[in-house]
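Structure record follows, encoded as structure tokens.
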Amino acid sequence: TSGDIPREDEWDTPGDYLVARANGTTNFASLFRQHNESRIVISQLLAAFITVHWGWNQHVLHAINWAITLLSGFLFVRLVRRTLPPNSQLPWPLLLIACSAVALVFTPVQWRNLLFSDQVVVICIPCLILAGVSVNLEQSIPTWVRYTCAGVFSLVASFCFINGLMLWFLLWPAPFLMIRNRTWRVPRSETIASVVHFALATTVIVFYFKNYYRLPGNPPLSYGLLVPHRTMFFALTWLAGPLFPIAVHYWDGNAYWIPIFVCGGLAGLVGFLFLVYIRSNWKAIRSLPLHTRLIPFGILLVYSLLSAISVSLARVAFGVFGNVARYSTVPIPAYLGLVGILIVGTVLTKPSPSSRKVLPVLAIAFSIAVLVAGGVGSMGCLLDKQASRQAWLSLAIRTVCPGDPLLSKVYPFPAGRTRRADTMERLGLLPSLPSFAWVGSAIPAIRKDGTYRIRVEAAGSENVIKGTLDPSDVLEADDILLLWNNESMRPVTAFLAPARGNYPGKDRGSFEIRYTPHGQGLLLAGKRELRLARPRTQQVWRLLADK
């Protein structure tokens, strides 16, 4: 993304902690404070470490997110190879399904978690599950090492996200040993380690919920039980998120809805084929013994299913779909679990003749669904880059346009964010942004070269500035448009310059800018005009409107 600035919830977490730390007023309570339903301690410590060495550098945070994602993909591939019988040969449908599952680990559908620093807490938990399961599968690792890894991974996950508390139970090493040895009896050392493990888990959980409170405006969890149809719809869209991304950005009206319906159809087809395959092989699946080859994938599946239930109960009251970008990482382990069970179960059993026809169709549909969803997710990444640039510029011009609507790109409720930005800049927590303080004193020249032709229309509560852009004109990245009030001699609002790819209109080379007038009225000759400001040369041009 463009611009090393906090976005949305990052102003609060880790923003509050970084400011308190810089002021020397930090304490354990500020680090441990509740953020929504979670205690995001790890994210704040990581942000503090990075800020000390590199400032608020999103590129370092992105590199960490991608490193965790790469490790997750590697661990999943290793887990599949580890659980398959030696010298197993996968037929092409299973190989294609396995490759599609690996691609799903890197899907751009989860762009918000990859591009926002505070979302590292979501990405790392599947990686911790895969790492913990891999350790528990190794018979040669001593008991104390297995329990130490399980405890450390669970502790980190607990203070990343609230659903990380499940890892204390999902990564418990004793069941792996009992299933491997096919006995309920375990060595004395295993029993002592298990007692210590659950004593630590109990301590963490009790400490976690000390002074815990329900956020103002959040309904109780019982609300989800009172509207089971809405909760079920939320859970289904949440689980379908990696294959069925919803549009949270719009480009030129409803054009973005077309791939959404395609993704929805593909997600439904994949789910239907999975059910058909399981139904066709149900007798063989039931005959499979509980085995350490299947348990790791069952843990991945259970983690996502329990998360789906808890998230649906907690969030259904807000009336949003479950398949938004910030949720899509958590259901991915469910797909990895299903794929692992499908691969191992198919290799260990003889599929029914009818299911042999379903498997190739399932493999092709699953791979196409992953590719299409990834394409839609890539569109979300590109559009977020534009939104991030607008957020960066809105902070830069906040001194000349204090109430500029672009601040909503930084945080949906921008009140107080400019004061926080001032504080973080003063403390050296943000890089220096370009200043636009000179725009009021610069003498504007008239842009007569016909680059822009502008007209203004009223559209309900909004005004629309429509115009054309000469493609030969090269605009700089930091150029901005100012809606200038000649009576007060100050800008009313500001926009990102309509360069190629920004504010697209119906035709090539055209653009549209929509804004709320806030009582300022239309762009009238002699009273209001558009000005183009270029910070590198500190030049300002007046743009002539059509008469």
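Simple scheme: letters A, B, ... for chains in structure tokens order, numbers from 1 for residues in each chain, numbers from 1 for ligands in the order shown.
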
Hey, which bits of range 350-375 of chain A sit within 9 Å of range 266-288 of chain A, and for each residue what's the closest pair of atoms and how far apart in Å (one decimal), counting only C-alpha atoms, rows by chain and increasing number, as CSV?
residue,atom,partner,partner_atom,distance
A:Lys350,CA,A:Ala284,CA,7.5
A:Pro351,CA,A:Asn281,CA,6.2
A:Ser352,CA,A:Asn281,CA,6.1
A:Pro353,CA,A:Ser280,CA,8.8
A:Ser354,CA,A:Ser280,CA,6.9
A:Ser355,CA,A:Tyr277,CA,5.6
A:Arg356,CA,A:Tyr277,CA,8.7
A:Val358,CA,A:Tyr277,CA,6.5
A:Leu359,CA,A:Tyr277,CA,7.2
A:Val361,CA,A:Leu273,CA,7.9
A:Leu362,CA,A:Leu273,CA,5.8
A:Ala363,CA,A:Val270,CA,8.8
A:Ala365,CA,A:Val270,CA,6.2
A:Phe366,CA,A:Val270,CA,5.9
A:Ile368,CA,A:Leu266,CA,7.9
A:Ala369,CA,A:Leu266,CA,5.5
A:Val372,CA,A:Leu266,CA,8.8

Find the residues around range 225-229 of chain A up to 10 Å (only C-alpha atoms counted), leave out those fewer than 3 positions away in its own chain, and share them as a PyMOL selection string.
chain A and resi 220-222+232-235+312-313+316-317

What does the file look like for those residues with N, CA, C and O atoms, as an mmCIF file, in the first residue's frame?
data_model
loop_
_atom_site.group_PDB
_atom_site.id
_atom_site.type_symbol
_atom_site.label_atom_id
_atom_site.label_comp_id
_atom_site.auth_asym_id
_atom_site.auth_seq_id
_atom_site.Cartn_x
_atom_site.Cartn_y
_atom_site.Cartn_z
ATOM 1 N N PRO A 220 -25.653 -8.904 23.418
ATOM 2 C CA PRO A 220 -25.157 -10.140 24.044
ATOM 3 C C PRO A 220 -25.100 -11.284 23.047
ATOM 4 O O PRO A 220 -25.750 -11.248 21.985
ATOM 5 N N LEU A 221 -24.305 -12.313 23.359
ATOM 6 C CA LEU A 221 -24.184 -13.465 22.463
ATOM 7 C C LEU A 221 -25.511 -14.179 22.274
ATOM 8 O O LEU A 221 -25.723 -14.852 21.264
ATOM 9 N N SER A 222 -26.403 -14.038 23.245
ATOM 10 C CA SER A 222 -27.701 -14.703 23.133
ATOM 11 C C SER A 222 -28.517 -14.170 21.956
ATOM 12 O O SER A 222 -29.449 -14.837 21.489
ATOM 13 N N MET A 232 -27.078 -18.549 10.940
ATOM 14 C CA MET A 232 -26.641 -19.611 10.033
ATOM 15 C C MET A 232 -26.176 -19.037 8.710
ATOM 16 O O MET A 232 -25.158 -19.476 8.139
ATOM 17 N N PHE A 233 -26.889 -18.028 8.194
ATOM 18 C CA PHE A 233 -26.473 -17.386 6.939
ATOM 19 C C PHE A 233 -25.110 -16.720 7.100
ATOM 20 O O PHE A 233 -24.245 -16.826 6.233
ATOM 21 N N PHE A 234 -24.916 -16.057 8.241
ATOM 22 C CA PHE A 234 -23.619 -15.421 8.509
ATOM 23 C C PHE A 234 -22.517 -16.472 8.547
ATOM 24 O O PHE A 234 -21.438 -16.294 7.965
ATOM 25 N N ALA A 235 -22.767 -17.595 9.235
ATOM 26 C CA ALA A 235 -21.752 -18.643 9.357
ATOM 27 C C ALA A 235 -21.417 -19.252 8.001
ATOM 28 O O ALA A 235 -20.247 -19.525 7.693
ATOM 29 N N SER A 312 -20.047 -15.783 14.354
ATOM 30 C CA SER A 312 -21.429 -15.552 13.921
ATOM 31 C C SER A 312 -22.291 -15.075 15.075
ATOM 32 O O SER A 312 -23.096 -14.149 14.928
ATOM 33 N N LEU A 313 -22.136 -15.690 16.241
ATOM 34 C CA LEU A 313 -22.915 -15.271 17.400
ATOM 35 C C LEU A 313 -22.550 -13.853 17.832
ATOM 36 O O LEU A 313 -23.409 -13.087 18.266
ATOM 37 N N VAL A 316 -23.299 -11.224 14.173
ATOM 38 C CA VAL A 316 -24.481 -11.236 13.314
ATOM 39 C C VAL A 316 -25.364 -10.015 13.554
ATOM 40 O O VAL A 316 -26.064 -9.542 12.648
ATOM 41 N N ALA A 317 -25.324 -9.463 14.759
ATOM 42 C CA ALA A 317 -26.174 -8.313 15.072
ATOM 43 C C ALA A 317 -25.790 -7.076 14.279
ATOM 44 O O ALA A 317 -26.609 -6.159 14.139
#

Show which residues sit within 9 Å of range 204-214 of chain A, as a list in words. Count only C-alpha atoms, and ignore same-chain residues fewer than 3 positions away.
Phe32, Gln34, Asn36, Glu37, Ser38, Arg39, Leu155, Ser158, Phe159, Leu165, Ala199, Leu200, Ala201, Gly217, Asn218, Pro219 and Pro220 of chain A

Write the residues of the preceding selection, restricted to N, CA and C atoms, as a PDB file, in the first residue's frame.
ATOM      1  N   PHE A  32      -2.300  -4.689  27.921  1.00  0.00           N
ATOM      2  CA  PHE A  32      -3.231  -5.804  28.063  1.00  0.00           C
ATOM      3  C   PHE A  32      -4.673  -5.392  27.788  1.00  0.00           C
ATOM      4  N   GLN A  34      -8.339  -4.411  26.432  1.00  0.00           N
ATOM      5  CA  GLN A  34      -9.210  -5.156  25.529  1.00  0.00           C
ATOM      6  C   GLN A  34      -9.422  -4.393  24.230  1.00  0.00           C
ATOM      7  N   ASN A  36     -11.901  -4.820  21.101  1.00  0.00           N
ATOM      8  CA  ASN A  36     -13.087  -5.610  20.743  1.00  0.00           C
ATOM      9  C   ASN A  36     -13.181  -6.786  21.722  1.00  0.00           C
ATOM     10  N   GLU A  37     -13.157  -8.018  21.210  1.00  0.00           N
ATOM     11  CA  GLU A  37     -13.273  -9.179  22.097  1.00  0.00           C
ATOM     12  C   GLU A  37     -11.921  -9.769  22.467  1.00  0.00           C
ATOM     13  N   SER A  38     -10.821  -9.211  21.971  1.00  0.00           N
ATOM     14  CA  SER A  38      -9.508  -9.842  22.111  1.00  0.00           C
ATOM     15  C   SER A  38      -8.554  -8.987  22.944  1.00  0.00           C
ATOM     16  N   ARG A  39      -7.473  -9.620  23.354  1.00  0.00           N
ATOM     17  CA  ARG A  39      -6.339  -8.944  23.989  1.00  0.00           C
ATOM     18  C   ARG A  39      -5.171  -9.042  22.997  1.00  0.00           C
ATOM     19  N   LEU A 155       0.032 -19.911  24.011  1.00  0.00           N
ATOM     20  CA  LEU A 155       0.128 -18.627  24.711  1.00  0.00           C
ATOM     21  C   LEU A 155       0.188 -17.474  23.710  1.00  0.00           C
ATOM     22  N   SER A 158      -3.215 -17.040  22.088  1.00  0.00           N
ATOM     23  CA  SER A 158      -4.213 -16.489  23.007  1.00  0.00           C
ATOM     24  C   SER A 158      -4.166 -14.972  23.038  1.00  0.00           C
ATOM     25  N   PHE A 159      -2.947 -14.416  22.956  1.00  0.00           N
ATOM     26  CA  PHE A 159      -2.812 -12.969  23.028  1.00  0.00           C
ATOM     27  C   PHE A 159      -2.624 -12.341  21.652  1.00  0.00           C
ATOM     28  N   LEU A 165      -7.417 -19.029  22.076  1.00  0.00           N
ATOM     29  CA  LEU A 165      -7.534 -19.805  23.310  1.00  0.00           C
ATOM     30  C   LEU A 165      -7.845 -21.274  23.022  1.00  0.00           C
ATOM     31  N   ALA A 199      -3.075 -26.633  33.840  1.00  0.00           N
ATOM     32  CA  ALA A 199      -2.992 -25.636  34.909  1.00  0.00           C
ATOM     33  C   ALA A 199      -2.600 -24.282  34.324  1.00  0.00           C
ATOM     34  N   LEU A 200      -1.640 -24.306  33.407  1.00  0.00           N
ATOM     35  CA  LEU A 200      -1.243 -23.064  32.737  1.00  0.00           C
ATOM     36  C   LEU A 200      -2.383 -22.525  31.876  1.00  0.00           C
ATOM     37  N   ALA A 201      -3.091 -23.416  31.181  1.00  0.00           N
ATOM     38  CA  ALA A 201      -4.223 -22.991  30.352  1.00  0.00           C
ATOM     39  C   ALA A 201      -5.307 -22.339  31.203  1.00  0.00           C
ATOM     40  N   GLY A 217     -22.727  -0.947  22.853  1.00  0.00           N
ATOM     41  CA  GLY A 217     -23.338  -1.093  21.535  1.00  0.00           C
ATOM     42  C   GLY A 217     -23.338  -2.508  21.014  1.00  0.00           C
ATOM     43  N   ASN A 218     -22.549  -3.399  21.628  1.00  0.00           N
ATOM     44  CA  ASN A 218     -22.527  -4.798  21.208  1.00  0.00           C
ATOM     45  C   ASN A 218     -23.623  -5.572  21.932  1.00  0.00           C
ATOM     46  N   PRO A 219     -24.483  -6.260  21.190  1.00  0.00           N
ATOM     47  CA  PRO A 219     -25.534  -7.042  21.832  1.00  0.00           C
ATOM     48  C   PRO A 219     -24.942  -8.279  22.496  1.00  0.00           C
ATOM     49  N   PRO A 220     -25.653  -8.904  23.418  1.00  0.00           N
ATOM     50  CA  PRO A 220     -25.157 -10.140  24.044  1.00  0.00           C
ATOM     51  C   PRO A 220     -25.100 -11.284  23.047  1.00  0.00           C
TER      52      PRO A 220
END

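When only C-alpha atoms are used to measure the gap to Ala396 in chain A, the shortest distance among A:Pro535, A:Leu167, A:Val347, A:Ala193 belongs to A:Pro535.
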
By how many Å are CA of Trp172 in chain A and CA of Arg146 in chain A apart?
9.1 Å
